[in-house]
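As stored in target-v3.cif (mmCIF, C-alpha atoms):
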```
data_my_file
loop_
_atom_site.label_atom_id
_atom_site.label_comp_id
_atom_site.auth_asym_id
_atom_site.auth_seq_id
_atom_site.Cartn_x
_atom_site.Cartn_y
_atom_site.Cartn_z
CA MET F 202 0.00 0.00 0.00
CA THR F 203 1.20 3.44 -0.88
CA THR F 204 -0.15 6.90 -0.25
CA PRO F 205 -2.61 7.98 -2.93
CA PRO F 206 -0.89 9.60 -5.90
CA ASP F 207 -1.37 13.35 -6.38
CA ASP F 208 -3.54 14.66 -9.21
CA ASP F 209 -0.83 14.95 -11.84
CA ALA F 210 0.66 11.56 -11.03
CA LEU F 211 -2.75 9.93 -11.11
CA LEU F 212 -3.61 11.53 -14.46
CA ALA F 213 -0.26 10.44 -15.86
CA GLU F 214 -0.88 6.88 -14.69
CA LEU F 215 -4.35 6.88 -16.27
CA GLY F 216 -2.95 8.30 -19.51
CA GLY F 217 -0.35 5.55 -19.60
CA LEU F 218 -3.00 2.92 -18.96
CA PHE F 219 -5.23 4.17 -21.81
CA ALA F 220 -2.26 4.41 -24.15
CA ARG F 221 -1.43 0.76 -23.45
CA VAL F 222 -4.86 -0.83 -23.40
CA ASP F 223 -6.83 1.32 -25.85
CA PRO F 224 -4.56 3.16 -28.29
CA VAL F 225 -5.84 4.50 -31.61
CA PRO F 226 -5.81 1.36 -33.80
CA ALA F 227 -3.40 1.53 -36.73
CA GLU F 228 -6.20 0.94 -39.25
CA VAL F 229 -8.16 3.87 -37.80
CA THR F 230 -5.15 6.13 -38.33
CA LEU F 231 -4.69 4.80 -41.84
CA ALA F 232 -8.35 5.42 -42.68
CA ALA F 233 -8.12 8.96 -41.26
CA ARG F 234 -5.11 9.74 -43.44
CA SER F 235 -6.84 8.43 -46.54
CA ALA F 236 -9.96 10.55 -45.89
CA LEU F 237 -8.43 13.53 -47.71
CA ALA F 238 -8.81 11.65 -51.00
CA TRP F 239 -12.57 12.18 -50.63
CA ARG F 240 -12.42 15.91 -51.26
CA ARG F 241 -15.44 16.98 -53.28
CA MET F 242 -14.22 18.15 -56.65
CA ASP F 243 -17.04 18.38 -59.16
CA ALA F 244 -20.27 18.10 -57.23
CA GLU F 245 -22.68 20.28 -55.28
CA LEU F 246 -22.92 19.43 -51.60
CA ALA F 247 -26.30 18.40 -50.22
CA GLU F 248 -25.99 19.11 -46.52
CA LEU F 249 -27.68 17.14 -43.80
CA LEU F 250 -30.72 19.14 -42.71
CA HIS F 251 -32.57 16.66 -40.60
CA ASP F 252 -31.75 13.37 -38.92
CA SER F 253 -34.36 11.52 -36.90
CA ALA F 254 -31.58 9.92 -34.84
CA LEU F 255 -30.78 13.34 -33.39
CA GLU F 256 -34.30 14.02 -32.18
CA THR F 257 -34.59 14.21 -28.42
CA GLU F 258 -36.87 11.23 -28.09
CA PRO F 259 -35.80 8.02 -29.77
CA LEU F 260 -38.28 6.86 -32.37
CA ALA F 261 -40.93 4.53 -31.09
CA GLY F 262 -40.04 0.98 -31.90
CA ILE F 263 -36.31 1.53 -31.89
CA ARG F 264 -35.27 1.50 -28.28
CA GLY F 265 -34.12 -1.85 -27.14
CA THR F 266 -35.05 -3.68 -30.28
CA GLY F 267 -31.68 -3.51 -31.98
CA GLY F 268 -33.50 -2.59 -35.18
CA GLY F 269 -35.61 0.18 -36.62
CA TRP F 270 -35.48 2.95 -39.12
CA ARG F 271 -34.12 6.41 -39.40
CA THR F 272 -34.92 9.24 -41.78
CA LEU F 273 -32.43 11.75 -43.10
CA THR F 274 -32.93 14.80 -45.30
CA PHE F 275 -30.15 16.43 -47.32
CA GLU F 276 -30.50 19.64 -49.29
CA THR F 277 -28.32 21.62 -51.68
CA ALA F 278 -28.06 25.42 -51.73
CA ASN F 279 -30.22 25.29 -54.89
CA GLY F 280 -33.05 23.52 -53.11
CA LEU F 281 -32.60 20.03 -54.50
CA SER F 282 -33.19 17.54 -51.73
CA ILE F 283 -32.56 13.89 -51.09
CA GLU F 284 -34.71 12.08 -48.56
CA LEU F 285 -33.34 8.88 -47.19
CA GLU F 286 -34.85 6.19 -45.05
CA VAL F 287 -32.36 3.84 -43.44
CA THR F 288 -33.59 0.51 -42.15
CA VAL F 289 -31.38 -0.94 -39.46
CA GLU F 290 -31.45 -4.65 -39.00
CA ARG F 291 -28.69 -5.91 -36.77
CA SER F 292 -25.56 -5.75 -38.88
CA MET F 293 -27.31 -4.89 -42.16
CA ARG F 294 -28.60 -1.60 -43.52
CA SER F 295 -31.05 -0.87 -46.33
CA LEU F 296 -31.73 2.47 -47.99
CA MET F 297 -34.83 3.87 -49.67
CA GLY F 298 -34.28 7.26 -51.24
CA GLN F 299 -36.21 9.98 -52.98
CA ILE F 300 -34.74 12.80 -55.02
CA VAL F 301 -36.82 16.01 -55.04
CA PRO F 302 -37.65 17.41 -57.54
CA PRO F 303 -38.26 13.88 -58.82
CA GLY F 304 -36.29 12.62 -61.78
CA PRO F 305 -34.02 9.82 -62.93
CA ALA F 306 -30.40 9.75 -61.80
CA ARG F 307 -27.42 7.52 -61.48
CA VAL F 308 -26.86 7.06 -57.75
CA LEU F 309 -23.67 5.89 -56.09
CA VAL F 310 -23.71 4.81 -52.47
CA ARG F 311 -20.16 5.66 -51.54
CA PHE F 312 -18.34 3.90 -48.75
CA PRO F 313 -14.68 4.77 -48.20
CA GLY F 314 -13.06 2.35 -50.59
CA ALA F 315 -16.14 1.15 -52.45
CA ASP F 316 -18.99 2.56 -54.51
CA ILE F 317 -22.27 0.71 -54.83
CA PRO F 318 -24.15 1.88 -57.93
CA THR F 319 -27.92 2.04 -58.23
CA LEU F 320 -30.46 3.99 -60.28
CA ALA F 321 -33.19 6.43 -59.38
CA ASP F 322 -36.33 5.87 -61.48
CA ASP F 323 -38.35 8.55 -63.31
CA LEU F 324 -39.99 9.44 -59.99
CA GLY F 325 -36.60 9.94 -58.32
CA ARG F 326 -36.88 6.82 -56.18
CA PHE F 327 -33.93 4.57 -55.51
CA GLN F 328 -32.94 1.83 -53.11
CA ALA F 329 -30.02 -0.25 -51.97
CA SER F 330 -29.95 -3.16 -49.59
CA ASP F 331 -27.60 -5.52 -47.76
CA LEU F 332 -25.22 -2.70 -46.92
CA ARG F 333 -22.77 -3.02 -44.09
CA PRO F 334 -22.69 -0.33 -41.39
CA GLY F 335 -20.22 2.48 -41.89
CA PRO F 336 -19.81 6.01 -43.21
CA ILE F 337 -21.66 6.69 -46.47
CA SER F 338 -22.21 9.57 -48.84
CA LEU F 339 -24.58 9.48 -51.81
CA ARG F 340 -23.56 10.82 -55.17
CA CYS F 341 -26.45 11.52 -57.55
CA GLU F 342 -25.65 12.23 -61.18
CA LEU F 343 -28.66 13.90 -62.78
CA THR F 344 -29.60 13.72 -66.44
CA ASP F 345 -28.76 17.41 -66.93
CA GLY F 346 -25.13 16.65 -66.06
CA ARG F 347 -25.18 18.01 -62.52
CA ALA F 348 -23.72 15.91 -59.73
CA ILE F 349 -24.89 16.17 -56.13
CA GLU F 350 -23.11 14.62 -53.17
CA THR F 351 -24.53 14.35 -49.69
CA GLY F 352 -22.55 14.96 -46.51
CA TRP F 353 -21.10 11.87 -44.81
CA VAL F 354 -23.23 10.03 -42.29
CA THR F 355 -22.71 6.77 -40.42
CA ILE F 356 -25.39 4.23 -41.18
CA MET A 68 0.74 23.78 -31.87
CA ARG A 69 -0.15 27.47 -32.13
CA PRO A 70 -3.66 28.36 -33.28
CA GLY A 71 -2.38 30.14 -36.40
CA GLN A 72 -0.55 26.99 -37.42
CA ILE A 73 -3.75 24.99 -37.34
CA ALA A 74 -5.51 27.47 -39.63
CA THR A 75 -2.54 27.26 -42.04
CA LEU A 76 -2.70 23.46 -42.01
CA VAL A 77 -6.46 23.51 -42.59
CA ASN A 78 -6.04 25.81 -45.59
CA ALA A 79 -3.27 23.66 -47.02
CA ALA A 80 -5.32 20.49 -46.54
CA ALA A 81 -8.28 22.19 -48.24
CA ASP A 82 -5.99 22.54 -51.28
CA GLY A 83 -5.20 18.84 -51.13
CA ASP A 84 -1.90 18.95 -49.22
CA GLN A 85 -1.60 15.42 -47.82
CA ASP A 86 1.33 16.29 -45.53
CA ALA A 87 -0.70 19.05 -43.87
CA TRP A 88 -3.62 16.64 -43.50
CA ASP A 89 -1.39 14.01 -41.88
CA VAL A 90 -0.20 16.59 -39.33
CA ILE A 91 -3.83 17.42 -38.51
CA VAL A 92 -4.66 13.73 -38.08
CA THR A 93 -1.64 13.17 -35.84
CA ARG A 94 -2.49 16.19 -33.72
CA PHE A 95 -6.16 15.44 -33.15
CA GLN A 96 -6.77 11.73 -33.56
CA GLY A 97 -6.07 11.06 -29.88
CA LEU A 98 -8.77 13.52 -28.86
CA VAL A 99 -11.29 12.12 -31.35
CA TRP A 100 -10.55 8.53 -30.32
CA ALA A 101 -10.77 9.29 -26.59
CA THR A 102 -14.08 11.09 -27.15
CA VAL A 103 -15.58 8.19 -29.07
CA ARG A 104 -14.30 5.57 -26.61
CA SER A 105 -15.74 7.54 -23.72
CA TYR A 106 -19.20 6.75 -25.14
CA ARG A 107 -18.39 3.03 -24.98
CA LEU A 108 -18.94 2.22 -28.61
CA ASP A 109 -17.50 -1.10 -29.66
CA ASP A 110 -14.44 -1.35 -31.89
CA ALA A 111 -16.27 -1.40 -35.22
CA GLU A 112 -18.66 1.39 -34.25
CA SER A 113 -15.77 3.47 -32.95
CA ALA A 114 -13.84 3.06 -36.18
CA ASP A 115 -16.90 4.03 -38.26
CA VAL A 116 -17.71 7.09 -36.17
CA VAL A 117 -14.11 8.30 -36.23
CA GLN A 118 -13.94 7.87 -39.99
CA THR A 119 -17.20 9.77 -40.43
CA CYS A 120 -15.69 12.65 -38.40
CA TRP A 121 -12.63 12.84 -40.64
CA LEU A 122 -14.70 12.58 -43.81
CA ARG A 123 -16.96 15.32 -42.55
CA LEU A 124 -13.94 17.47 -41.82
CA VAL A 125 -12.72 16.91 -45.38
CA GLU A 126 -16.03 18.17 -46.75
CA ASN A 127 -15.88 21.21 -44.44
CA LEU A 128 -12.20 22.14 -44.76
CA GLY A 129 -12.88 25.28 -46.74
CA LYS A 130 -15.87 26.29 -44.62
CA LEU A 131 -14.76 26.14 -41.00
CA ARG A 132 -15.66 29.40 -39.31
CA GLU A 133 -12.90 29.12 -36.74
CA PRO A 134 -10.24 26.76 -38.07
CA GLU A 135 -8.07 27.44 -35.02
CA ARG A 136 -10.72 25.66 -32.92
CA LEU A 137 -10.49 22.51 -34.96
CA GLY A 138 -10.10 20.17 -32.00
CA GLY A 139 -13.38 21.34 -30.50
CA TRP A 140 -15.11 21.05 -33.86
CA LEU A 141 -13.87 17.49 -34.36
CA ALA A 142 -14.75 16.38 -30.85
CA THR A 143 -18.21 17.95 -31.07
CA THR A 144 -18.77 16.17 -34.36
CA ALA A 145 -17.58 12.94 -32.72
CA ARG A 146 -19.89 13.39 -29.75
CA ARG A 147 -22.93 13.97 -31.97
CA GLU A 148 -22.04 10.95 -34.10
CA CYS A 149 -21.75 8.82 -30.97
CA LEU A 150 -25.20 9.89 -29.78
CA ARG A 151 -26.58 9.12 -33.23
CA CYS A 152 -24.97 5.73 -33.18
CA LEU A 153 -26.31 4.90 -29.71
CA ARG A 154 -29.82 6.06 -30.59
CA THR A 155 -29.91 4.22 -33.89
CA ALA A 156 -28.82 1.07 -32.13
CA GLY A 157 -31.52 1.64 -29.52
CA ARG A 158 -29.04 1.82 -26.67
CA SER A 159 -29.26 4.11 -23.70
CA ILE A 160 -27.40 7.39 -23.74
CA PRO A 161 -24.86 7.84 -20.94
CA VAL A 162 -26.07 10.45 -18.51
CA ASP A 163 -24.42 13.80 -19.02
CA ASP A 164 -26.03 15.67 -16.18
CA GLU A 165 -23.77 17.55 -13.75
CA THR A 166 -26.00 16.58 -10.85
CA VAL A 167 -25.17 12.92 -11.12
CA PHE A 168 -21.44 13.42 -10.83
CA ASP A 169 -21.27 11.63 -7.55
CA ARG A 170 -23.36 8.71 -8.57
CA ALA A 171 -21.34 5.69 -9.51
CA ALA A 172 -21.80 4.36 -13.00
CA PRO A 173 -24.30 1.50 -13.02
CA ASP A 174 -21.79 -0.79 -14.62
CA SER A 175 -18.26 -0.05 -15.61
CA GLY A 176 -18.91 -0.94 -19.23
CA ALA A 177 -15.18 -1.04 -19.49
CA GLU A 178 -14.83 -3.47 -22.33
CA LEU A 179 -11.14 -3.80 -22.63
CA ASP A 180 -8.88 -6.60 -23.50
CA ALA A 181 -8.03 -7.81 -20.02
CA GLU A 182 -4.80 -9.34 -21.28
CA LEU A 183 -3.48 -5.86 -21.86
CA LEU A 184 -3.71 -4.93 -18.22
CA ARG A 185 -0.29 -5.34 -16.69
CA GLY A 186 -0.47 -6.81 -13.26
CA GLU A 187 -2.53 -6.11 -10.22
CA ARG A 188 -2.10 -2.38 -10.10
CA ASP A 189 -3.38 -1.86 -13.66
CA THR A 190 -6.32 -4.11 -12.94
CA GLY A 191 -7.10 -2.28 -9.73
CA VAL A 192 -6.86 1.16 -11.33
CA TRP A 193 -9.04 -0.03 -14.17
CA ARG A 194 -11.70 -1.39 -11.83
CA ALA A 195 -11.61 1.79 -9.75
CA PHE A 196 -12.01 3.87 -12.91
CA GLY A 197 -15.02 1.77 -13.93
CA ARG A 198 -16.79 2.66 -10.69
CA ILE A 199 -16.69 6.45 -10.95
CA SER A 200 -19.54 8.26 -12.72
CA ASP A 201 -19.93 8.22 -16.51
CA ARG A 202 -19.19 11.87 -16.75
CA CYS A 203 -16.05 11.62 -14.63
CA GLN A 204 -14.88 8.70 -16.73
CA ARG A 205 -15.45 10.74 -19.86
CA LEU A 206 -13.66 13.79 -18.49
CA LEU A 207 -10.61 11.82 -17.37
CA ARG A 208 -10.49 9.79 -20.58
CA ILE A 209 -10.50 12.90 -22.73
CA LEU A 210 -8.16 14.87 -20.43
CA THR A 211 -5.54 12.17 -20.82
CA ALA A 212 -5.79 11.97 -24.63
CA ASP A 213 -2.42 12.01 -26.36
CA PRO A 214 -1.44 14.62 -27.49
CA ALA A 215 -3.11 16.54 -24.66
CA PRO A 216 -6.08 18.63 -25.84
CA SER A 217 -6.13 22.37 -25.16
CA TYR A 218 -8.53 23.67 -22.51
CA GLU A 219 -10.52 25.39 -25.28
CA ASP A 220 -10.92 22.07 -27.07
CA LEU A 221 -11.76 20.32 -23.81
CA SER A 222 -14.40 22.89 -23.01
CA GLU A 223 -16.10 22.32 -26.34
CA THR A 224 -15.67 18.55 -26.22
CA LEU A 225 -17.14 18.22 -22.75
CA ASP A 226 -19.68 20.98 -23.25
CA MET A 227 -18.40 22.60 -20.07
CA PRO A 228 -17.15 26.15 -19.36
CA ILE A 229 -13.35 26.38 -19.22
CA GLY A 230 -13.57 27.56 -15.61
CA SER A 231 -15.33 24.35 -14.56
CA ILE A 232 -12.76 21.97 -15.99
CA GLY A 233 -10.16 22.40 -13.24
CA PRO A 234 -12.53 21.95 -10.28
CA THR A 235 -14.35 19.07 -12.00
CA ARG A 236 -11.08 17.36 -12.81
CA GLN A 237 -10.06 17.67 -9.16
CA ARG A 238 -13.37 16.26 -7.98
CA CYS A 239 -13.28 13.34 -10.39
CA LEU A 240 -9.72 12.47 -9.37
CA GLU A 241 -10.84 12.60 -5.75
CA ARG A 242 -13.58 10.07 -6.55
CA LEU A 243 -11.05 7.90 -8.32
CA ARG A 244 -8.66 8.10 -5.37
CA THR A 245 -11.43 6.97 -3.03
CA GLU A 246 -12.01 3.96 -5.27
CA LEU A 247 -8.28 3.22 -5.37
CA ILE A 248 -8.30 3.07 -1.61
CA ALA A 249 -11.31 0.76 -1.76
CA GLU A 250 -9.34 -1.43 -4.18
CA GLY A 251 -6.56 -1.59 -1.63
CA ILE A 252 -3.97 -0.12 -3.98
CA ALA A 253 -3.63 3.09 -2.02
CA SER A 254 -4.07 3.85 1.63
CA ALA A 255 -6.08 6.72 3.03
#
```
Now that the file is in, can you turn its structure into structure tokens?
Amino acid sequence: MTTPPDDDALLAELGGLFARVDPVPAEVTLAARSALAWRRMDAELAELLHDSALETEPLAGIRGTGGGWRTLTFETANGLSIELEVTVERSMRSLMGQIVPPGPARVLVRFPGADIPTLADDLGRFQASDLRPGPISLRCELTDGRAIETGWVTI
Amino acid sequence: MRPGQIATLVNAAADGDQDAWDVIVTRFQGLVWATVRSYRLDDAESADVVQTCWLRLVENLGKLREPERLGGWLATTARRECLRCLRTAGRSIPVDDETVFDRAAPDSGAELDAELLRGERDTGVWRAFGRISDRCQRLLRILTADPAPSYEDLSETLDMPIGSIGPTRQRCLERLRTELIAEGIASA
């Protein structure tokens, strides 16, 4: 038994403990470094306007079930919006999307390191399923040549 | 790192300078990681949330209002992503209320690889840490991030006025010391 360490010594001991047992994993550092490659070059940004997962009360049916859904709305400065419904089922995610104003588009569900292509129909609806959890951004290439990319969200 | 240097790095990274970006990652990844871990996300969730934070920074590099307060911006983004992740998964949100500082955490939730704990003292310190309140655990975890965060960044990360950090830190360490004594690894 020793006398209790003073504040600085105790903090230093804790810091050492965290550094040993829970350091930043090498792959997390690697992924962080590679994030710069995702700079947006040729597309308009659709920013996240609304996320049901940030509402004060969790959605009914979600708490404790390990599954549920979440709605997200992205919008560009020009008023084009993308509505997204994410279905969460254990380790799988599905997306149903709607581009407004409605219209066909080529849609890429972008994960760091992989793009999953899909199409929006004439009514602007698109979907993707069997996605793994992780950060995604949607890139929508419209028929008039414009490209829209949403902000990154974790699904 | 001086505040002006951070703004310079942010501007360089916005122009695609990978070296500048790597310096930013090295400077702030400890803070982001500590923040995310303090919400007790598992390894995969933590990695996803951290990556989302960096990707979101990339998309905002040219638009940060106060680039010199980057650490606070990153940690705030991390905190919000953690809450999103917990809510989406239907898990309870750790209590963040000042008034429950003295209440012990209901369970330590400390999911660490026990093999990494070196000897009895580590184990005892770890158990003691698991018994102090959620908010104290979070404060101490983030305070000890490497490299050490600035008080401005801490204030934003913990959503706490700068003036409260010192006294709260002292109080949380006092709680920890009491638990160390209970563990028998320090005497009163």
(request) Report the distance between CA of Leu255 in chain F and CA of Arg154 in chain A in Å, rounded to one decimal place. (result) 7.9 Å
(request) Determine, counting all atoms listed in the file, which protein, DNA and RNA residues have an atom within 12 Å of an atom of Asp252 in chain F; residues of the same chain fewer than 2 positions away are not included. Present the result as a ChimeraX atom specification. (result) /F:248-250,254-257,259-260,270-275,284-287,354-356 /A:147-148,150-152,154-155
(request) May I ask which of the residues A:Thr235, A:Thr144, A:Asn127, A:Thr119 is the closest one to chain F, counting only C-alpha atoms? (result)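 Among the listed residues, the smallest separation from chain F belongs to A:Thr119.
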(message) I need the output of the PyMOL selection byres ((chain A and resi 137-143) around 7) for this file as a ChimeraX atom specification; which residues are they?
(response) /A:95,98-99,102,120,134-136,144-147,220-221,223-224
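Using all atoms listed in the file for every distance, the candidate list A:Arg194, A:Leu210, A:Asp115, A:Pro216 yields A:Asp115 as the residue closest to chain F.
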(message) Please compute the CA of Ala238 in chain F-CA of Met68 in chain A distance, one decimal, in Å.
(response) 24.6 Å
(request) With a distance cut-off of 9 Å and all atoms listed in the file, select the neighbouring residues of Thr288 in chain F, excluding the residue or stretch itself and same-chain residues fewer than 3 positions from it, and output the selection as a list of chain:residue names. (result)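 Listed by chain and then number, they are F:Gly268, F:Gly269, F:Trp270, F:Arg271, F:Thr272, F:Met293, F:Arg294, F:Ser295, F:Leu296, F:Met297.
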(message) Using all atoms listed in the file, list the residues that have an atom at most 8 Å from (-15.9, 9.9, -43.4), coordinates as in the file, as a ChimeraX atom specification.
(response) /F:236,313,336-337,353-354 /A:115-125
(request) Pick out the closest residue to chain F from this set: A:Ile91, A:Ala195, A:Ile252, A:Leu131. Count all atoms listed in the file. (result) A:Ile252
